[in-house]
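Colleague: What follows is my_file-v9.cif, made up of mmCIF, C-alpha atoms:
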data_my_file
#
loop_
_atom_site.label_atom_id
_atom_site.label_comp_id
_atom_site.auth_asym_id
_atom_site.auth_seq_id
_atom_site.Cartn_x
_atom_site.Cartn_y
_atom_site.Cartn_z
CA MET B 1 30.81 35.95 10.00
CA SER B 2 30.35 36.64 6.31
CA ILE B 3 33.49 37.04 4.23
CA GLU B 4 32.15 39.83 1.99
CA LYS B 5 31.93 43.30 3.53
CA GLY B 6 30.39 45.01 0.47
CA LYS B 7 26.66 45.64 0.21
CA ILE B 8 24.34 45.63 -2.78
CA SER B 9 20.79 46.96 -3.16
CA SER B 10 17.85 44.84 -4.24
CA GLN B 11 17.66 46.96 -7.42
CA GLN B 12 21.23 45.95 -8.22
CA LEU B 13 20.19 42.34 -7.61
CA PHE B 14 17.64 42.78 -10.40
CA PHE B 15 20.35 43.91 -12.85
CA LEU B 16 22.75 41.21 -11.69
CA ILE B 17 20.20 38.44 -12.26
CA ALA B 18 18.91 39.82 -15.56
CA GLY B 19 22.45 40.26 -16.93
CA PHE B 20 23.48 36.85 -15.65
CA VAL B 21 20.58 35.06 -17.39
CA GLU B 22 20.99 37.16 -20.54
CA ALA B 23 24.65 36.07 -20.68
CA SER B 24 23.49 32.54 -21.44
CA ALA B 25 22.11 33.61 -24.85
CA LEU B 26 24.91 31.75 -26.60
CA LEU B 27 24.15 28.60 -24.63
CA ILE B 28 20.72 28.30 -26.25
CA ASP B 29 22.61 26.47 -28.98
CA PHE B 30 22.77 23.41 -26.69
CA THR B 31 18.97 23.30 -26.86
CA VAL B 32 18.45 24.26 -30.51
CA GLY B 33 19.86 20.98 -31.85
CA ILE B 34 17.34 19.08 -29.72
CA THR B 35 14.19 21.20 -29.77
CA GLU B 36 14.62 22.84 -33.20
CA GLN B 37 11.79 25.28 -34.02
CA GLN B 38 10.16 24.75 -30.60
CA THR B 39 13.05 26.27 -28.65
CA TRP B 40 10.99 29.35 -27.77
CA MET B 41 8.35 27.14 -26.11
CA VAL B 42 11.02 25.30 -24.18
CA ILE B 43 12.41 28.61 -22.86
CA LEU B 44 8.95 29.64 -21.67
CA ALA B 45 8.31 26.24 -20.09
CA GLY B 46 11.75 26.31 -18.45
CA LEU B 47 11.01 29.75 -17.03
CA ILE B 48 7.65 28.65 -15.61
CA ILE B 49 9.15 25.52 -14.03
CA THR B 50 12.24 27.22 -12.59
CA THR B 51 10.60 30.37 -11.21
CA PRO B 52 9.28 28.76 -7.96
CA PHE B 53 12.73 27.26 -7.30
CA VAL B 54 14.47 30.58 -7.88
CA LEU B 55 11.98 32.29 -5.58
CA SER B 56 12.76 29.62 -2.98
CA TYR B 57 16.42 30.78 -3.14
CA VAL B 58 15.26 34.29 -2.25
CA ALA B 59 13.07 32.98 0.57
CA LEU B 60 16.05 31.00 1.89
CA ALA B 61 18.36 34.02 1.70
CA LYS B 62 15.75 36.15 3.47
CA SER B 63 15.46 33.54 6.22
CA PHE B 64 19.22 33.72 6.82
CA PRO B 65 20.04 37.42 6.44
CA GLY B 66 23.71 38.26 5.93
CA MET B 67 24.67 34.63 5.32
CA ASN B 68 25.94 32.95 2.20
CA LEU B 69 25.15 29.45 0.94
CA VAL B 70 28.11 27.77 2.70
CA GLN B 71 27.04 29.23 6.04
CA ILE B 72 23.40 28.30 5.41
CA ASN B 73 24.40 24.71 4.56
CA ASP B 74 26.45 24.44 7.77
CA MET B 75 23.54 25.71 9.83
CA VAL B 76 20.78 23.68 8.16
CA TYR B 77 22.50 20.38 7.42
CA GLY B 78 25.05 20.34 10.24
CA ARG B 79 28.81 20.88 10.05
CA PHE B 80 29.77 17.63 8.32
CA LEU B 81 26.90 17.18 5.84
CA GLY B 82 26.81 20.94 5.29
CA LYS B 83 30.49 20.92 4.27
CA VAL B 84 29.92 17.96 1.92
CA ILE B 85 27.02 19.77 0.22
CA SER B 86 29.08 22.96 0.03
CA LEU B 87 31.91 21.01 -1.64
CA TYR B 88 29.38 19.71 -4.15
CA TYR B 89 28.34 23.33 -4.84
CA ILE B 90 31.99 24.37 -5.18
CA PHE B 91 32.50 21.60 -7.75
CA PHE B 92 29.43 22.88 -9.63
CA PHE B 93 30.67 26.51 -9.55
CA SER B 94 34.12 25.41 -10.69
CA MET B 95 32.87 23.26 -13.57
CA THR B 96 30.28 25.77 -14.79
CA LEU B 97 32.85 28.55 -14.70
CA SER B 98 35.31 26.47 -16.72
CA PHE B 99 32.58 25.72 -19.33
CA ASN B 100 31.82 29.41 -19.69
CA ILE B 101 35.50 30.37 -19.99
CA ARG B 102 35.83 27.65 -22.62
CA ASP B 103 32.77 29.04 -24.45
CA VAL B 104 34.59 32.35 -24.92
CA GLY B 105 37.69 30.57 -26.21
CA GLU B 106 35.62 28.47 -28.62
CA LEU B 107 33.71 31.58 -29.77
CA TYR B 108 36.93 33.38 -30.69
CA ILE B 109 38.75 30.42 -32.12
CA THR B 110 35.78 29.40 -34.32
CA PHE B 111 34.47 32.74 -35.52
CA LEU B 112 36.80 35.64 -34.88
CA MET B 113 40.53 34.81 -34.52
CA GLN B 114 41.20 31.33 -35.82
CA ASP B 115 45.00 31.46 -35.79
CA THR B 116 45.49 32.54 -32.18
CA PRO B 117 46.34 29.84 -29.59
CA PHE B 118 43.26 28.71 -27.66
CA ILE B 119 44.96 29.00 -24.25
CA PHE B 120 45.78 32.67 -24.91
CA PHE B 121 42.07 33.62 -24.94
CA LEU B 122 41.44 31.62 -21.77
CA ILE B 123 44.31 33.29 -19.88
CA VAL B 124 43.48 36.86 -20.94
CA PHE B 125 39.77 36.44 -20.37
CA THR B 126 40.13 34.79 -16.94
CA ALA B 127 42.72 37.36 -15.84
CA THR B 128 40.21 40.11 -16.64
CA CYS B 129 37.52 38.33 -14.64
CA ALA B 130 39.99 37.83 -11.76
CA TYR B 131 40.74 41.56 -11.76
CA ALA B 132 37.00 42.34 -11.56
CA VAL B 133 36.54 39.83 -8.72
CA THR B 134 39.31 41.38 -6.60
CA LYS B 135 37.31 44.63 -6.68
CA GLY B 136 34.40 42.91 -4.92
CA ILE B 137 30.72 42.33 -5.55
CA GLU B 138 29.85 46.02 -5.16
CA VAL B 139 31.79 46.92 -8.31
CA LEU B 140 30.21 44.10 -10.30
CA ALA B 141 26.78 45.22 -9.07
CA ARG B 142 27.50 48.83 -10.04
CA ILE B 143 28.29 47.89 -13.66
CA SER B 144 25.48 45.35 -13.95
CA HIS B 145 22.99 47.76 -15.53
CA LEU B 146 25.51 48.68 -18.25
CA ILE B 147 26.07 45.01 -19.01
CA LEU B 148 22.33 44.36 -19.22
CA VAL B 149 21.74 47.34 -21.50
CA THR B 150 24.67 46.37 -23.78
CA GLY B 151 23.35 42.84 -24.18
CA PHE B 152 19.79 44.00 -24.69
CA PHE B 153 20.89 46.56 -27.28
CA ALA B 154 22.78 43.91 -29.28
CA ILE B 155 19.85 41.49 -29.15
CA THR B 156 17.09 43.98 -30.02
CA SER B 157 19.08 45.84 -32.71
CA THR B 158 19.98 42.61 -34.53
CA PHE B 159 16.37 41.47 -34.16
CA ILE B 160 15.13 44.66 -35.85
CA LEU B 161 17.78 44.50 -38.60
CA LEU B 162 16.77 40.93 -39.41
CA ILE B 163 12.99 41.49 -39.49
CA ASP B 164 12.90 41.58 -43.32
CA GLN B 165 14.49 38.13 -43.46
CA MET B 166 12.19 36.51 -40.92
CA ASP B 167 9.73 33.86 -41.99
CA PHE B 168 7.33 33.04 -39.20
CA SER B 169 6.16 29.86 -40.89
CA ASN B 170 9.52 28.48 -39.71
CA PHE B 171 7.89 27.95 -36.32
CA LEU B 172 5.52 25.36 -37.77
CA PRO B 173 4.63 22.60 -37.14
CA PHE B 174 3.96 22.82 -33.41
CA PHE B 175 4.26 19.78 -31.12
CA GLU B 176 5.88 17.65 -33.79
CA LEU B 177 8.92 16.60 -31.73
CA PRO B 178 8.98 13.53 -29.45
CA LEU B 179 8.12 14.35 -25.84
CA ILE B 180 11.50 13.18 -24.54
CA ARG B 181 13.30 15.79 -26.65
CA ILE B 182 11.02 18.53 -25.36
CA PHE B 183 11.69 17.29 -21.83
CA GLN B 184 15.45 17.30 -22.42
CA GLY B 185 15.23 20.82 -23.85
CA ILE B 186 13.28 22.03 -20.81
CA HIS B 187 15.84 20.32 -18.57
CA ILE B 188 18.71 22.09 -20.34
CA VAL B 189 17.02 25.49 -20.18
CA SER B 190 15.97 24.99 -16.54
CA SER B 191 19.47 23.94 -15.52
CA ILE B 192 21.70 26.24 -17.55
CA PRO B 193 20.36 29.77 -17.86
CA PHE B 194 17.78 29.71 -15.09
CA GLY B 195 19.02 27.07 -12.61
CA GLU B 196 22.49 28.57 -12.51
CA THR B 197 20.96 31.53 -10.66
CA VAL B 198 21.50 29.36 -7.58
CA VAL B 199 24.87 31.17 -7.43
CA PHE B 200 22.98 34.20 -6.11
CA LEU B 201 22.54 32.35 -2.82
CA MET B 202 26.22 33.26 -2.32
CA ILE B 203 25.45 36.93 -3.07
CA MET B 204 22.00 37.63 -1.60
CA GLY B 205 23.51 37.73 1.88
CA CYS B 206 25.25 40.97 0.86
CA MET B 207 21.97 42.81 0.32
CA ASN B 208 21.44 45.85 2.51
CA LYS B 209 17.64 45.55 2.36
CA THR B 210 15.72 42.41 1.42
CA GLU B 211 12.25 43.99 1.19
CA HIS B 212 11.92 43.93 -2.59
CA ALA B 213 14.24 40.98 -3.19
CA VAL B 214 11.47 38.61 -4.35
CA LYS B 215 10.03 41.12 -6.82
CA ASN B 216 13.45 42.12 -8.17
CA THR B 217 14.61 38.54 -8.52
CA PHE B 218 11.45 37.60 -10.40
CA PHE B 219 11.68 40.56 -12.78
CA GLY B 220 15.41 39.97 -13.26
CA LEU B 221 14.68 36.40 -14.26
CA LEU B 222 11.85 37.57 -16.52
CA ILE B 223 13.99 40.16 -18.35
CA GLY B 224 16.79 37.60 -18.77
CA ALA B 225 14.29 35.05 -20.12
CA LEU B 226 12.86 37.65 -22.49
CA SER B 227 16.35 38.20 -23.94
CA LEU B 228 16.77 34.47 -24.48
CA LEU B 229 13.31 34.34 -26.07
CA PHE B 230 14.21 37.16 -28.47
CA VAL B 231 17.37 35.29 -29.50
CA ALA B 232 15.52 31.99 -29.99
CA VAL B 233 12.70 33.61 -31.99
CA ARG B 234 15.16 35.58 -34.15
CA ASN B 235 17.30 32.52 -34.93
CA THR B 236 14.36 30.26 -35.74
CA ALA B 237 12.55 32.89 -37.83
CA VAL B 238 15.69 33.67 -39.84
CA LEU B 239 17.34 30.28 -40.19
CA GLY B 240 14.37 27.90 -39.96
CA ARG B 241 15.26 24.23 -39.91
CA THR B 242 18.84 24.91 -40.95
CA GLN B 243 19.54 26.33 -37.48
CA THR B 244 20.31 22.85 -36.21
CA ILE B 245 23.32 22.42 -38.50
CA TRP B 246 25.25 25.53 -37.40
CA THR B 247 27.77 25.61 -34.57
CA SER B 248 26.44 28.99 -33.45
CA THR B 249 22.97 29.89 -34.65
CA SER B 250 23.24 33.48 -33.42
CA PHE B 251 26.41 34.13 -35.42
CA GLN B 252 24.93 32.54 -38.50
CA SER B 253 21.74 34.60 -38.38
CA ILE B 254 23.61 37.87 -37.69
CA ARG B 255 25.85 37.22 -40.70
CA LEU B 256 22.73 37.44 -42.89
CA ILE B 257 22.14 41.10 -41.99
CA ASN B 258 22.40 43.11 -45.19
CA ILE B 259 20.90 46.58 -45.16
CA GLY B 260 21.58 48.24 -48.51
CA THR B 261 24.99 46.49 -48.68
CA VAL B 262 26.20 49.02 -46.08
CA LEU B 263 25.27 47.30 -42.84
CA THR B 264 26.77 43.85 -43.37
CA ARG B 265 28.98 41.42 -41.44
CA MET B 266 27.46 42.47 -38.15
CA ASP B 267 28.71 39.35 -36.37
CA PHE B 268 31.30 41.43 -34.55
CA VAL B 269 28.39 43.09 -32.67
CA ILE B 270 27.37 39.74 -31.27
CA GLY B 271 31.04 38.88 -30.67
CA ILE B 272 31.56 42.01 -28.56
CA ALA B 273 28.21 41.77 -26.75
CA GLN B 274 28.71 38.09 -26.03
CA THR B 275 32.23 38.67 -24.69
CA ILE B 276 30.95 41.40 -22.34
CA LEU B 277 28.03 39.26 -21.18
CA ILE B 278 30.12 36.13 -20.58
CA PHE B 279 32.75 38.26 -18.83
CA PHE B 280 30.00 39.39 -16.46
CA LYS B 281 28.72 35.87 -15.90
CA CYS B 282 32.21 34.41 -15.40
CA SER B 283 33.12 37.21 -12.99
CA ILE B 284 30.07 36.36 -10.90
CA PHE B 285 30.91 32.65 -11.03
CA LEU B 286 34.57 33.26 -10.13
CA TYR B 287 33.53 35.57 -7.30
CA VAL B 288 31.10 32.98 -5.96
CA LEU B 289 33.67 30.19 -6.29
CA VAL B 290 36.39 32.16 -4.49
CA VAL B 291 34.05 33.27 -1.70
CA ALA B 292 32.70 29.72 -1.24
CA VAL B 293 36.21 28.22 -1.00
CA SER B 294 37.35 30.98 1.38
CA GLN B 295 34.27 30.50 3.52
CA LEU B 296 34.88 26.75 3.62
CA PHE B 297 38.47 27.34 4.78
CA GLY B 298 37.23 29.90 7.31
CA LEU B 299 39.38 32.73 5.91
CA LYS B 300 39.03 36.44 6.67
CA SER B 301 39.58 37.55 3.05
CA TYR B 302 38.97 35.90 -0.30
CA VAL B 303 41.34 38.08 -2.34
CA PRO B 304 44.50 35.89 -1.97
CA LEU B 305 42.66 32.92 -3.51
CA VAL B 306 41.46 34.75 -6.64
CA LEU B 307 44.55 34.25 -8.82
CA PRO B 308 45.35 30.61 -7.87
CA LEU B 309 41.70 29.63 -8.44
CA ALA B 310 41.59 31.57 -11.71
CA ALA B 311 44.72 29.68 -12.85
CA ILE B 312 43.10 26.34 -11.96
CA GLU B 313 39.99 27.34 -13.92
CA VAL B 314 42.06 28.16 -17.02
CA ILE B 315 43.62 24.69 -17.02
CA ILE B 316 40.26 22.99 -16.39
CA ALA B 317 38.67 25.04 -19.19
CA ALA B 318 41.47 24.07 -21.57
CA THR B 319 41.27 20.34 -20.83
CA VAL B 320 37.71 19.56 -19.68
CA PHE B 321 36.40 18.75 -23.18
CA GLN B 322 38.17 17.35 -26.22
CA SER B 323 36.14 19.35 -28.76
CA PRO B 324 33.01 21.52 -29.11
CA VAL B 325 31.04 18.35 -30.03
CA ASP B 326 32.24 16.66 -26.85
CA HIS B 327 31.28 19.84 -24.96
CA ALA B 328 27.72 19.75 -26.34
CA THR B 329 27.23 15.98 -25.85
CA ILE B 330 28.39 15.97 -22.21
CA THR B 331 26.51 19.18 -21.33
CA GLN B 332 23.28 17.76 -22.78
CA ASN B 333 23.57 14.70 -20.51
CA ALA B 334 25.84 14.51 -17.45
CA GLY B 335 26.25 18.30 -17.39
CA ILE B 336 22.59 18.89 -16.65
CA ILE B 337 21.95 15.73 -14.63
CA TYR B 338 24.59 16.20 -11.90
CA SER B 339 23.37 19.72 -11.10
CA VAL B 340 19.73 18.68 -10.45
CA PRO B 341 20.13 18.23 -6.65
CA LEU B 342 22.01 21.53 -6.35
CA VAL B 343 19.44 23.54 -8.26
CA PHE B 344 16.15 21.81 -7.52
CA VAL B 345 16.58 19.82 -4.29
CA PHE B 346 18.98 21.29 -1.70
CA PRO B 347 17.75 24.91 -1.59
CA PRO B 348 14.00 24.12 -1.20
CA LEU B 349 14.90 21.32 1.22
CA ALA B 350 17.05 23.71 3.27
CA LEU B 351 14.12 26.12 3.37
CA LEU B 352 11.81 23.36 4.57
CA ILE B 353 14.27 22.14 7.22
CA ALA B 354 14.85 25.72 8.38
CA LYS B 355 11.09 26.24 8.77
CA ILE B 356 10.64 22.96 10.67
CA ARG B 357 13.63 23.55 12.96
CA GLY B 358 12.81 27.23 13.40
CA LEU B 359 16.22 28.26 12.05
CA PRO B 360 18.11 30.49 12.39
CA LYS B 361 16.43 31.81 15.58
CA VAL B 362 17.07 28.60 17.54
CA GLU B 363 20.78 28.69 16.70
CA ARG B 364 21.01 32.36 17.61
CA GLY B 365 19.31 31.62 20.90
CA LYS B 366 22.11 29.19 21.65
CA GLY B 367 24.56 31.95 20.96
CA THR B 368 26.21 30.42 17.91
CA MET K 1 56.96 27.04 -20.11
CA THR K 2 58.40 30.57 -19.78
CA LEU K 3 54.88 32.04 -19.82
CA LEU K 4 53.79 29.58 -17.13
CA LEU K 5 56.73 30.51 -14.88
CA LEU K 6 56.12 34.22 -15.44
CA ILE K 7 52.43 33.92 -14.60
CA PHE K 8 53.07 31.95 -11.43
CA ALA K 9 55.90 34.27 -10.37
CA TYR K 10 53.47 37.18 -10.80
CA ILE K 11 50.86 35.44 -8.63
CA ILE K 12 53.46 35.01 -5.85
CA ILE K 13 54.71 38.60 -6.11
CA VAL K 14 51.15 39.97 -5.92
CA ASN K 15 49.98 37.89 -2.96
CA LEU K 16 52.83 36.58 -0.81
CA PRO K 17 54.38 39.79 0.65
CA GLY K 18 50.98 41.10 1.80
CA LEU K 19 50.00 37.81 3.41
CA ILE K 20 53.31 37.58 5.34
CA LYS K 21 53.22 41.26 6.33
CA ARG K 22 49.67 40.96 7.70
CA LYS K 23 50.58 37.62 9.35
CA GLU K 24 47.56 35.94 7.75
CA TRP K 25 48.87 32.40 8.16
CA LYS K 26 45.56 30.65 7.49
CA GLU K 27 45.12 32.60 4.26
CA LEU K 28 48.74 31.83 3.37
CA ALA K 29 48.17 28.10 3.90
CA ALA K 30 45.04 28.11 1.70
CA PHE K 31 46.81 30.20 -0.94
CA SER K 32 49.81 27.85 -0.94
CA LEU K 33 47.62 24.77 -1.32
CA LEU K 34 45.71 26.19 -4.29
CA TYR K 35 48.90 27.63 -5.77
CA VAL K 36 50.58 24.20 -5.72
CA ILE K 37 47.50 22.59 -7.34
CA ALA K 38 47.35 25.32 -10.00
CA PHE K 39 51.09 25.07 -10.72
CA ALA K 40 50.96 21.25 -10.95
CA LEU K 41 48.02 21.45 -13.38
CA GLY K 42 49.78 24.16 -15.39
CA LEU K 43 52.95 22.09 -15.58
CA MET K 44 51.00 19.01 -16.70
CA TYR K 45 49.30 21.10 -19.39
CA VAL K 46 52.58 22.57 -20.66
CA LEU K 47 54.31 19.16 -20.66
CA ASP K 48 51.34 17.59 -22.51
CA ILE K 49 50.62 15.16 -19.68
CA PRO K 50 46.92 14.18 -19.96
CA ILE K 51 44.77 15.80 -17.27
CA PRO K 52 41.70 13.71 -16.38
CA SER K 53 38.46 15.55 -17.12
CA PRO K 54 35.96 15.52 -14.23
CA MET K 55 33.10 15.85 -16.72
CA GLU K 56 34.16 12.80 -18.70
CA GLY K 57 34.23 10.92 -15.38
CA LEU K 58 30.72 12.13 -14.59
CA GLN K 59 29.52 11.25 -18.08
CA HIS K 60 30.94 7.73 -17.62
CA PHE K 61 29.28 7.48 -14.18
CA PHE K 62 25.82 8.58 -15.34
CA VAL K 63 25.75 7.01 -18.78
CA ASP K 64 27.81 3.81 -18.49
CA ILE K 65 27.30 2.89 -14.82
CA LEU K 66 23.85 4.28 -13.92
CA GLY K 67 22.49 4.12 -17.48
CA ILE K 68 20.96 7.61 -17.20
CA GLU K 69 21.09 9.26 -20.61
CA TYR K 70 18.84 11.16 -22.94
CA PRO K 71 18.34 9.39 -26.27
CA GLN K 72 20.52 10.79 -29.05
CA GLY K 73 19.18 12.28 -32.28
#
Represent the supplied structure as structure tokens.
Modeller:
Amino acid sequence: MSIEKGKISSQQLFFLIAGFVEASALLIDFTVGITEQQTWMVILAGLIITTPFVLSYVALAKSFPGMNLVQINDMVYGRFLGKVISLYYIFFFSMTLSFNIRDVGELYITFLMQDTPFIFFLIVFTATCAYAVTKGIEVLARISHLILVTGFFAITSTFILLIDQMDFSNFLPFFELPLIRIFQGIHIVSSIPFGETVVFLMIMGCMNKTEHAVKNTFFGLLIGALSLLFVAVRNTAVLGRTQTIWTSTSFQSIRLINIGTVLTRMDFVIGIAQTILIFFKCSIFLYVLVVAVSQLFGLKSYVPLVLPLAAIEVIIAATVFQSPVDHATITQNAGIIYSVPLVFVFPPLALLIAKIRGLPKVERGKGT
Amino acid sequence: MTLLLLIFAYIIIVNLPGLIKRKEWKELAAFSLLYVIAFALGLMYVLDIPIPSPMEGLQHFFVDILGIEYPQG
């Protein structure tokens, strides 16, 4: 029995996925230091590589209607191995959520409110996400289009306002970087903005109709990728090679907006948009984490676990990295390596095993 | 410390009465387990006791033990 009673439409899935991917716009900075002016290529390559995997998540969810990832793992891999894999996923959800909560704290402490205690941002932000999660996935799905539009507005408006400062020769030379750095960049992009959509395997079971799920997932991914591409192109065109030296390339490029000395210091636009987008992403991650843990414990409701898990996430976010440099170094290595099986191996493998074993019909036939 | 106690008192007030009233013992057990973990971590943070980072452990495992690492620079 699934733990979530709410239902979402496949159109809402489109907005959820697009907003979720768009929320990673700030995380492009992990790639920029490695792939420099070729970041836009890396985003496109990452999209092309990840799309079949993301579509395999939809195929898996369609094969097991009404079930979430923990239930699918139990059915495909057996009770013991299934639980172990689900624990691995829970660790991934927990860590990724803590990184994103930390991102918000670092954003505020570095650019907007330097004198406020770091933990304060983490507590307030996570409490807001926890409140959203207690309302259920339906509420998050209902606001998803507003989130997407807000993010898209911030990205496109800043893009237009910076057009006069763009120098497209900043994209040259092509293919100058060593192949290993391109590969690492593609790995980061495939794992972080696109690969993280594996969380939707915990949500797709709530869909009322799965007919257009493949199409909506693909277009959601595409719109999200387009947002990231806009951000990467804008930052490279405006900042050029200097983009690698800034802590946040987006903030630095937005600070250069100067329209007749009236429209200046627009970085608050990105600050607000980024907070809304990361709030959305963290709410989805917290929801998925809470539902996965509740499902693992075999509970009837996930609501009682929201606040304790949110509290754990705040402490993890506050202590997981020593500094932003530590954050970037670990994310660019262990952070993207440990998630490879979860994003690229287990879901397609589960789909293959389900096809071979004729799941879930065989299990249903046994009355389980 | 006061903030920590206030936050955790709030979490109990919000969840505990409902769980007992509805006799959801399994949910109560899971809640209690996570609550104790969260409180212990919160207390360690407030008292400045170092909390081991899972990511630093993973980084050590992949980089130092398995030797899997992308070249720097």
Colleague: Quick one: contact table of segment 114-217 of chain B to segment 222-246 of chain B, 7 Å max, nearest atom pair and distance in Å to one decimal per residue, counting all atoms listed in the file, chain and number order, as CSV?
Modeller:
residue,atom,partner,partner_atom,distance
B:Phe152,CA,B:Ser227,CA,6.8
B:Ile155,CA,B:Val231,CA,6.7
B:Phe159,CA,B:Arg234,CA,6.0
B:Gln165,CA,B:Val238,CA,5.9
B:Met166,CA,B:Val238,CA,4.6
B:Asp167,CA,B:Ala237,CA,5.1
B:Phe168,CA,B:Ala237,CA,5.4
B:Asn170,CA,B:Gly240,CA,4.9
B:Phe171,CA,B:Thr236,CA,6.9
Colleague: Using all atoms listed in the file, which residues sit within 10 Å of segment 40-47 of chain K once same-chain residues fewer than 6 positions away are excluded, as a compact mmCIF listing (two decimals) with C-alpha atoms, in the coordinates of the input?
Modeller:
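Final output, result-v7.txt:
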# COMPACT_ATOMS: atom_id res chain seq x y z
CA ALA B 311 44.72 29.68 -12.85
CA ILE B 312 43.10 26.34 -11.96
CA GLU B 313 39.99 27.34 -13.92
CA VAL B 314 42.06 28.16 -17.02
CA ILE B 315 43.62 24.69 -17.02
CA ILE B 316 40.26 22.99 -16.39
CA ALA B 318 41.47 24.07 -21.57
CA THR B 319 41.27 20.34 -20.83
CA MET K 1 56.96 27.04 -20.11
CA THR K 2 58.40 30.57 -19.78
CA LEU K 3 54.88 32.04 -19.82
CA LEU K 4 53.79 29.58 -17.13
CA LEU K 5 56.73 30.51 -14.88
CA PHE K 8 53.07 31.95 -11.43
CA LEU K 34 45.71 26.19 -4.29
Colleague: Tell me the residues of chain K close to chain B, meaning within 6 Å using only C-alpha atoms, as a compact mmCIF listing (two decimals) with C-alpha atoms, in the frame of the given file.
Modeller:
# COMPACT_ATOMS: atom_id res chain seq x y z
CA ASN K 15 49.98 37.89 -2.96
CA GLU K 27 45.12 32.60 4.26
CA PHE K 31 46.81 30.20 -0.94
CA LEU K 34 45.71 26.19 -4.29
CA TYR K 35 48.90 27.63 -5.77
CA ALA K 38 47.35 25.32 -10.00
CA SER K 53 38.46 15.55 -17.12
CA GLN K 59 29.52 11.25 -18.08
CA GLU K 69 21.09 9.26 -20.61
Colleague: Any chance you could resolve the PyMOL selection byres ((chain B and resi 10) around 12) against this file and give the residues as JSON, numbers by chain?
Modeller: {"B": [7, 8, 9, 11, 12, 13, 14, 15, 16, 17, 58, 62, 141, 142, 200, 203, 204, 205, 206, 207, 208, 209, 210, 211, 212, 213, 214, 215, 216, 217, 218, 219, 220]}
Colleague: Translate the PyMOL selection byres ((chain B and resi 255) around 12), as applied to the file shown, into an explicit residue set as a PyMOL selection string.
Modeller: chain B and resi 111+158+161-162+165+235+238-239+248-254+256-259+263-271
Colleague: What is the distance between atom CA of Ile11 of chain K and atom CA of Met202 of chain B, in Å to one decimal?
Modeller: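 For atom CA of Ile11 of chain K relative to atom CA of Met202 of chain B, the distance reads 25.5 Å.
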Colleague: Calculate how many Å separate atom CA of Asp29 of chain B from atom CA of Thr261 of chain B, rounding to one decimal.
Modeller: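 Separation of atom CA of Asp29 of chain B and atom CA of Thr261 of chain B: 28.2 Å.
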Colleague: List the residues matched by the PyMOL selection byres ((chain B and resi 69) around 8) in the displayed structure as an MDAnalysis selection string, ordered by chain and then by residue number.
Modeller: chainID B and resid 67:68 70:73 86 201:202 292
Colleague: Give the answer as one residue: which of B:Val139, B:Val199, B:Val262, B:Ile188 has the shortest atom-to-atom distance to Leu97 of chain B, using only C-alpha atoms?
Modeller: B:Val199
Colleague: Could you tell me how far atom CA of Asp103 of chain B sits from atom CA of Ile163 of chain B, in Å to one decimal place?
Modeller: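 Going from atom CA of Ile163 of chain B over to atom CA of Asp103 of chain B covers 27.8 Å.
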Colleague: Can you patch up segment 299-309 of chain B, filling it in to N, CA and C atoms, and show the result as a short mmCIF file (atom, residue, chain, number, x, y, z; two decimals), keeping the file's coordinate frame?
Modeller:
data_model
loop_
_atom_site.label_atom_id
_atom_site.label_comp_id
_atom_site.auth_asym_id
_atom_site.auth_seq_id
_atom_site.Cartn_x
_atom_site.Cartn_y
_atom_site.Cartn_z
N LEU B 299 38.43 31.63 6.07
CA LEU B 299 39.38 32.73 5.91
C LEU B 299 38.71 34.09 6.19
N LYS B 300 39.55 35.09 6.43
CA LYS B 300 39.03 36.44 6.67
C LYS B 300 38.84 37.20 5.36
N SER B 301 39.65 36.86 4.34
CA SER B 301 39.58 37.55 3.05
C SER B 301 39.65 36.52 1.91
N TYR B 302 38.95 36.82 0.84
CA TYR B 302 38.97 35.90 -0.30
C TYR B 302 39.99 36.30 -1.37
N VAL B 303 40.48 37.53 -1.27
CA VAL B 303 41.34 38.08 -2.34
C VAL B 303 42.58 37.21 -2.65
N PRO B 304 43.30 36.68 -1.63
CA PRO B 304 44.50 35.89 -1.97
C PRO B 304 44.21 34.65 -2.82
N LEU B 305 42.97 34.16 -2.78
CA LEU B 305 42.66 32.92 -3.51
C LEU B 305 42.22 33.18 -4.96
N VAL B 306 42.00 34.45 -5.31
CA VAL B 306 41.46 34.75 -6.64
C VAL B 306 42.38 34.25 -7.76
N LEU B 307 43.64 34.62 -7.71
CA LEU B 307 44.55 34.25 -8.82
C LEU B 307 44.83 32.75 -8.89
N PRO B 308 45.14 32.07 -7.75
CA PRO B 308 45.35 30.61 -7.87
C PRO B 308 44.11 29.88 -8.42
N LEU B 309 42.91 30.29 -7.94
CA LEU B 309 41.70 29.63 -8.44
C LEU B 309 41.44 29.95 -9.91
#
